[in-house]
Amino acid sequence: MPTNRLPLQPVLTTEEYAALDRFGAAHPGAANLPAIAGFLRELFHLDLSTDPEIIAGFAEDSSHLPGRAQALARPADERGCAAVLRICRAAGIPVTFSGGKSNLTGSATPPGGVVLSTVRMLAPTVRVNAAGRCAAAPVGMLLEDMRREVMRQTAGKWRYPVDPTSRADATVGGCLACNASGFTPGESGATRAWVQSLRFLLPNGMLISAERNQYVSSGGFFHLEDGRTVQAWPIPAYPRPAIKNAGGPFSSPDGAMDFVDLVIGSEGIFGLATACTLRLAENPGAYLDLFISLPDEEAALRLLAAARAHLKNDLGRLTAFEYFGEHCRQYMKHEERFFHDTDQVGVYIQEPLRDKEMEDAAGVWLEILAAAELDVPDQSILILDTDAQRELFMEARHSMPANSLEVVQQRGTFTIMTDTVVPFDKFREFLEFTHAQIRAQNLDYLSFGHLGDCHLHFTILPHKPQIDQAVAVYDAIIARSADLGGVYSGEHGTGKRKRQDFLRCYGPAALEMVRQSKQAVDPQMLVNRGNVIPE
């Protein structure tokens, strides 16, 4: 029977916690980090580096927002993480968590203090429980390495299905923190749906060990119990649109929420996941990979509508429904291998075959094209049925962000990219608005992304005199997505870069809910300071 009472477990001894509290309180502030480093080395054999050259490699993430830190900790175990959190809490020093640093919103960019990196949190290694269809995974492991290890241990029978573009760079723990998602449409494409259990350190260095369905809030509260006291922990209760959503911590208007759901996607503002067990999916063995070249966006929208009708709105039965839209050809490597003639857009579909034959599955998609009233020539439909073709396609897919980045670097500016999702019935209206806003300012751009989720990335490439106009257009797009019942982030999260977007989408009352929830476990607002909530 679920309970809303969360027992806190010590990771360190009572004497160790007390020693950390005393030393931290006697050495407050970042100026005392050299002394704190010596204390941690002596008591815990833990290296807290204050070498600026070493720290510099952890001072920013892939958002390229400027960051700074005075010390770097890379503990190899849960005890080390707890010690860093506890002493920094006592000393009033901010702590920022860092994994693979692949995030785009600045959530791993430190605003000062200590960076706590999980890159050495690699033990124990992946352990597959085939009977339970799950795998225990270390948080410091790269996601793609974990996925491959699951396949190796199960001889290809089971797989971990979440596959974000950055899976070769992102760590397992980073994926937990941002609820990373991949090509698969729907909730099953995101991390949250696959987390069975986790171990979670609060900012005070105490542990919560939780299985899914074990701890569920009641009346909008969890209650933290340490054996001596009971503390209420309010959860966010703002409404969340029932669409793909990585915008802000999980919330529950009815006051009932699984603890696992609260943690996943919280961007480290409540604490640090130190271990997890992830559910696995049966490997279908073979896939149908289709690239369909289409004349324009209207054709792509008709294909999407026909596919939704055929699949009864359950696009999660596919493992990809991707879009290559306006101006993608201009920035895509090998574009002539995929687009036909003067076609301007393309759709990539991946369907697990399981018991189907590839020819039969392809025939169904021809029927869906016919239902969409699209007279697509044979030359516009490519079946990617060899490893070489699939690798060429992925190279082409990944070339677009790289090539667009090169363009803005030459212009001395930067890309401005949306991550919005809107409901399907508002998608066409949203696209018309967005294209019109960008074109009205004569801005260069391309659009691509996850068509099955109505989740596209409009990537604006401004010249220097256009930066203010580009930012204003971005703001208008975010506001419009919120007006249409959408969200500003489908996969990249909030971090520091999109805090204003959270406010536009959910309003000040929601921000205050998140603040109160964080302050219940982090009164000094030290951990992952600046993520979601302004400093």
# chains A, B, ... in the order shown; residues from 1 in each chain; ligands from 1
call {"tool": "residues_around", "arguments": {"residues": "Gln469 (chain A)", "least_positions_apart": "4", "cutoff": "12 Å", "atoms": "only C-alpha atoms", "output": "VMD selection string"}}
result
chain A and resid 416 437 to 444 460 to 465 473 to 476
call {"tool": "residues_around", "arguments": {"residues": "Pro138 (chain A)", "least_positions_apart": "3", "cutoff": "9 Å", "atoms": "only C-alpha atoms", "output": "VMD selection string"}}
result
chain A and resid 121 to 126 141 146 172 to 173 274 to 277
call {"tool": "write_last_selection", "arguments": {"atoms": "all heavy atoms", "output": "short mmCIF file (atom, residue, chain, number, x, y, z; two decimals), in the first residue's frame"}}
result
data_model
loop_
_atom_site.label_atom_id
_atom_site.label_comp_id
_atom_site.auth_asym_id
_atom_site.auth_seq_id
_atom_site.Cartn_x
_atom_site.Cartn_y
_atom_site.Cartn_z
N MET A 121 30.81 7.92 -11.00
CA MET A 121 29.80 7.08 -10.33
C MET A 121 29.46 5.92 -11.26
O MET A 121 28.40 5.87 -11.89
CB MET A 121 28.56 7.91 -10.02
CG MET A 121 28.80 9.03 -9.03
SD MET A 121 28.86 8.46 -7.32
CE MET A 121 27.14 8.09 -7.03
N LEU A 122 30.37 4.96 -11.34
CA LEU A 122 30.26 3.88 -12.32
C LEU A 122 30.08 2.50 -11.69
O LEU A 122 30.00 1.50 -12.41
CB LEU A 122 31.51 3.86 -13.21
CG LEU A 122 31.75 5.13 -14.03
CD1 LEU A 122 33.10 5.08 -14.72
CD2 LEU A 122 30.64 5.30 -15.06
N ALA A 123 30.04 2.44 -10.38
CA ALA A 123 29.89 1.14 -9.72
C ALA A 123 28.60 1.14 -8.89
O ALA A 123 28.21 2.16 -8.33
CB ALA A 123 31.09 0.88 -8.82
N PRO A 124 27.92 -0.01 -8.79
CA PRO A 124 28.24 -1.23 -9.55
C PRO A 124 27.85 -1.07 -11.02
O PRO A 124 27.09 -0.17 -11.37
CB PRO A 124 27.38 -2.30 -8.87
CG PRO A 124 26.22 -1.52 -8.33
CD PRO A 124 26.75 -0.18 -7.92
N THR A 125 28.37 -1.94 -11.86
CA THR A 125 28.08 -1.85 -13.28
C THR A 125 26.66 -2.30 -13.58
O THR A 125 25.91 -2.67 -12.67
CB THR A 125 29.09 -2.69 -14.07
OG1 THR A 125 28.92 -2.42 -15.47
CG2 THR A 125 28.87 -4.18 -13.81
N VAL A 126 26.27 -2.26 -14.83
CA VAL A 126 24.91 -2.63 -15.23
C VAL A 126 24.62 -4.08 -14.83
O VAL A 126 25.42 -4.99 -15.09
CB VAL A 126 24.73 -2.47 -16.76
CG1 VAL A 126 23.34 -2.95 -17.18
CG2 VAL A 126 24.95 -1.02 -17.16
N MET A 141 27.39 6.43 -15.92
CA MET A 141 27.63 5.74 -17.19
C MET A 141 26.96 6.48 -18.34
O MET A 141 25.87 7.03 -18.20
CB MET A 141 27.07 4.32 -17.10
CG MET A 141 27.50 3.38 -18.20
SD MET A 141 26.88 1.70 -17.87
CE MET A 141 27.96 0.74 -18.93
N MET A 146 25.29 2.09 -21.59
CA MET A 146 24.34 1.29 -20.83
C MET A 146 23.41 0.52 -21.76
O MET A 146 23.15 -0.68 -21.55
CB MET A 146 23.54 2.20 -19.90
CG MET A 146 22.59 1.46 -18.96
SD MET A 146 20.95 1.10 -19.67
CE MET A 146 20.23 2.72 -19.67
N VAL A 172 23.51 8.47 -17.64
CA VAL A 172 22.23 7.96 -17.14
C VAL A 172 21.63 8.95 -16.14
O VAL A 172 20.45 9.27 -16.18
CB VAL A 172 22.42 6.58 -16.50
CG1 VAL A 172 21.15 6.13 -15.79
CG2 VAL A 172 22.82 5.55 -17.57
N GLY A 173 22.47 9.46 -15.23
CA GLY A 173 21.97 10.40 -14.23
C GLY A 173 21.47 11.69 -14.84
O GLY A 173 20.46 12.25 -14.39
N THR A 274 21.51 8.83 -7.29
CA THR A 274 22.81 8.16 -7.21
C THR A 274 22.79 6.75 -7.78
O THR A 274 23.83 6.15 -7.99
CB THR A 274 23.30 8.11 -5.76
OG1 THR A 274 22.32 7.42 -4.96
CG2 THR A 274 23.53 9.50 -5.22
N ALA A 275 21.60 6.20 -8.01
CA ALA A 275 21.47 4.88 -8.61
C ALA A 275 20.03 4.73 -9.08
O ALA A 275 19.13 5.41 -8.59
CB ALA A 275 21.82 3.76 -7.62
N CYS A 276 19.82 3.84 -10.04
CA CYS A 276 18.46 3.65 -10.55
C CYS A 276 18.29 2.26 -11.13
O CYS A 276 19.27 1.58 -11.47
CB CYS A 276 18.12 4.69 -11.62
SG CYS A 276 19.12 4.57 -13.13
N THR A 277 17.05 1.84 -11.21
CA THR A 277 16.68 0.62 -11.92
C THR A 277 15.71 1.02 -13.01
O THR A 277 14.71 1.70 -12.75
CB THR A 277 16.02 -0.40 -10.98
OG1 THR A 277 16.93 -0.73 -9.93
CG2 THR A 277 15.67 -1.67 -11.73
#
call {"tool": "closest_atom_pairs", "arguments": {"of": "region 173-229 of chain A", "to": "region 244-254 of chain A", "cutoff": "7 Å", "atoms": "only C-alpha atoms", "output": "tab-separated table"}}
result
residue	atom	partner	partner_atom	distance
A:Asn179	CA	A:Ala246	CA	6.7
A:Gly186	CA	A:Lys244	CA	6.4
A:Glu187	CA	A:Lys244	CA	6.6
call {"tool": "write_last_selection", "arguments": {"atoms": "N, CA, C and O atoms", "output": "JSON list (two decimals), in the first residue's frame"}}
result
[["chain", "number", "residue", "atom", "x", "y", "z"],
["A", 179, "ASN", "N", 14.62, 14.18, -17.64],
["A", 179, "ASN", "CA", 13.58, 13.37, -18.29],
["A", 179, "ASN", "C", 13.84, 13.29, -19.79],
["A", 179, "ASN", "O", 12.96, 13.57, -20.62],
["A", 186, "GLY", "N", 5.20, 10.04, -27.89],
["A", 186, "GLY", "CA", 4.40, 9.74, -26.71],
["A", 186, "GLY", "C", 5.21, 9.59, -25.44],
["A", 186, "GLY", "O", 6.43, 9.74, -25.42],
["A", 187, "GLU", "N", 4.50, 9.28, -24.36],
["A", 187, "GLU", "CA", 5.14, 9.17, -23.05],
["A", 187, "GLU", "C", 6.20, 8.08, -23.01],
["A", 187, "GLU", "O", 7.18, 8.17, -22.27]]
call {"tool": "residues_around", "arguments": {"residues": "region 482-489 of chain A", "least_positions_apart": "5", "cutoff": "8 Å", "atoms": "only C-alpha atoms", "output": "number ranges by chain"}}
result
A: 241, 243, 245-247, 418-423, 426, 430, 494, 501-502, 504-505
call {"tool": "closest_residue", "arguments": {"among": "A:His457, A:Gly530, A:Ile383, A:Leu272", "to": "Gly67 (chain A)", "atoms": "only C-alpha atoms"}}
result
A:Gly530
call {"tool": "closest_residue", "arguments": {"among": "A:Asp21, A:Asp385, A:Glu351, A:Glu267", "to": "Thr184 (chain A)", "atoms": "only C-alpha atoms"}}
result
A:Glu351
call {"tool": "select_by_dssp", "arguments": {"residues": "region 34-155 of chain A", "states": "alpha helix (DSSP H)", "output": "number ranges by chain"}}
result
A: 34-44, 52-56, 78-91, 143-153
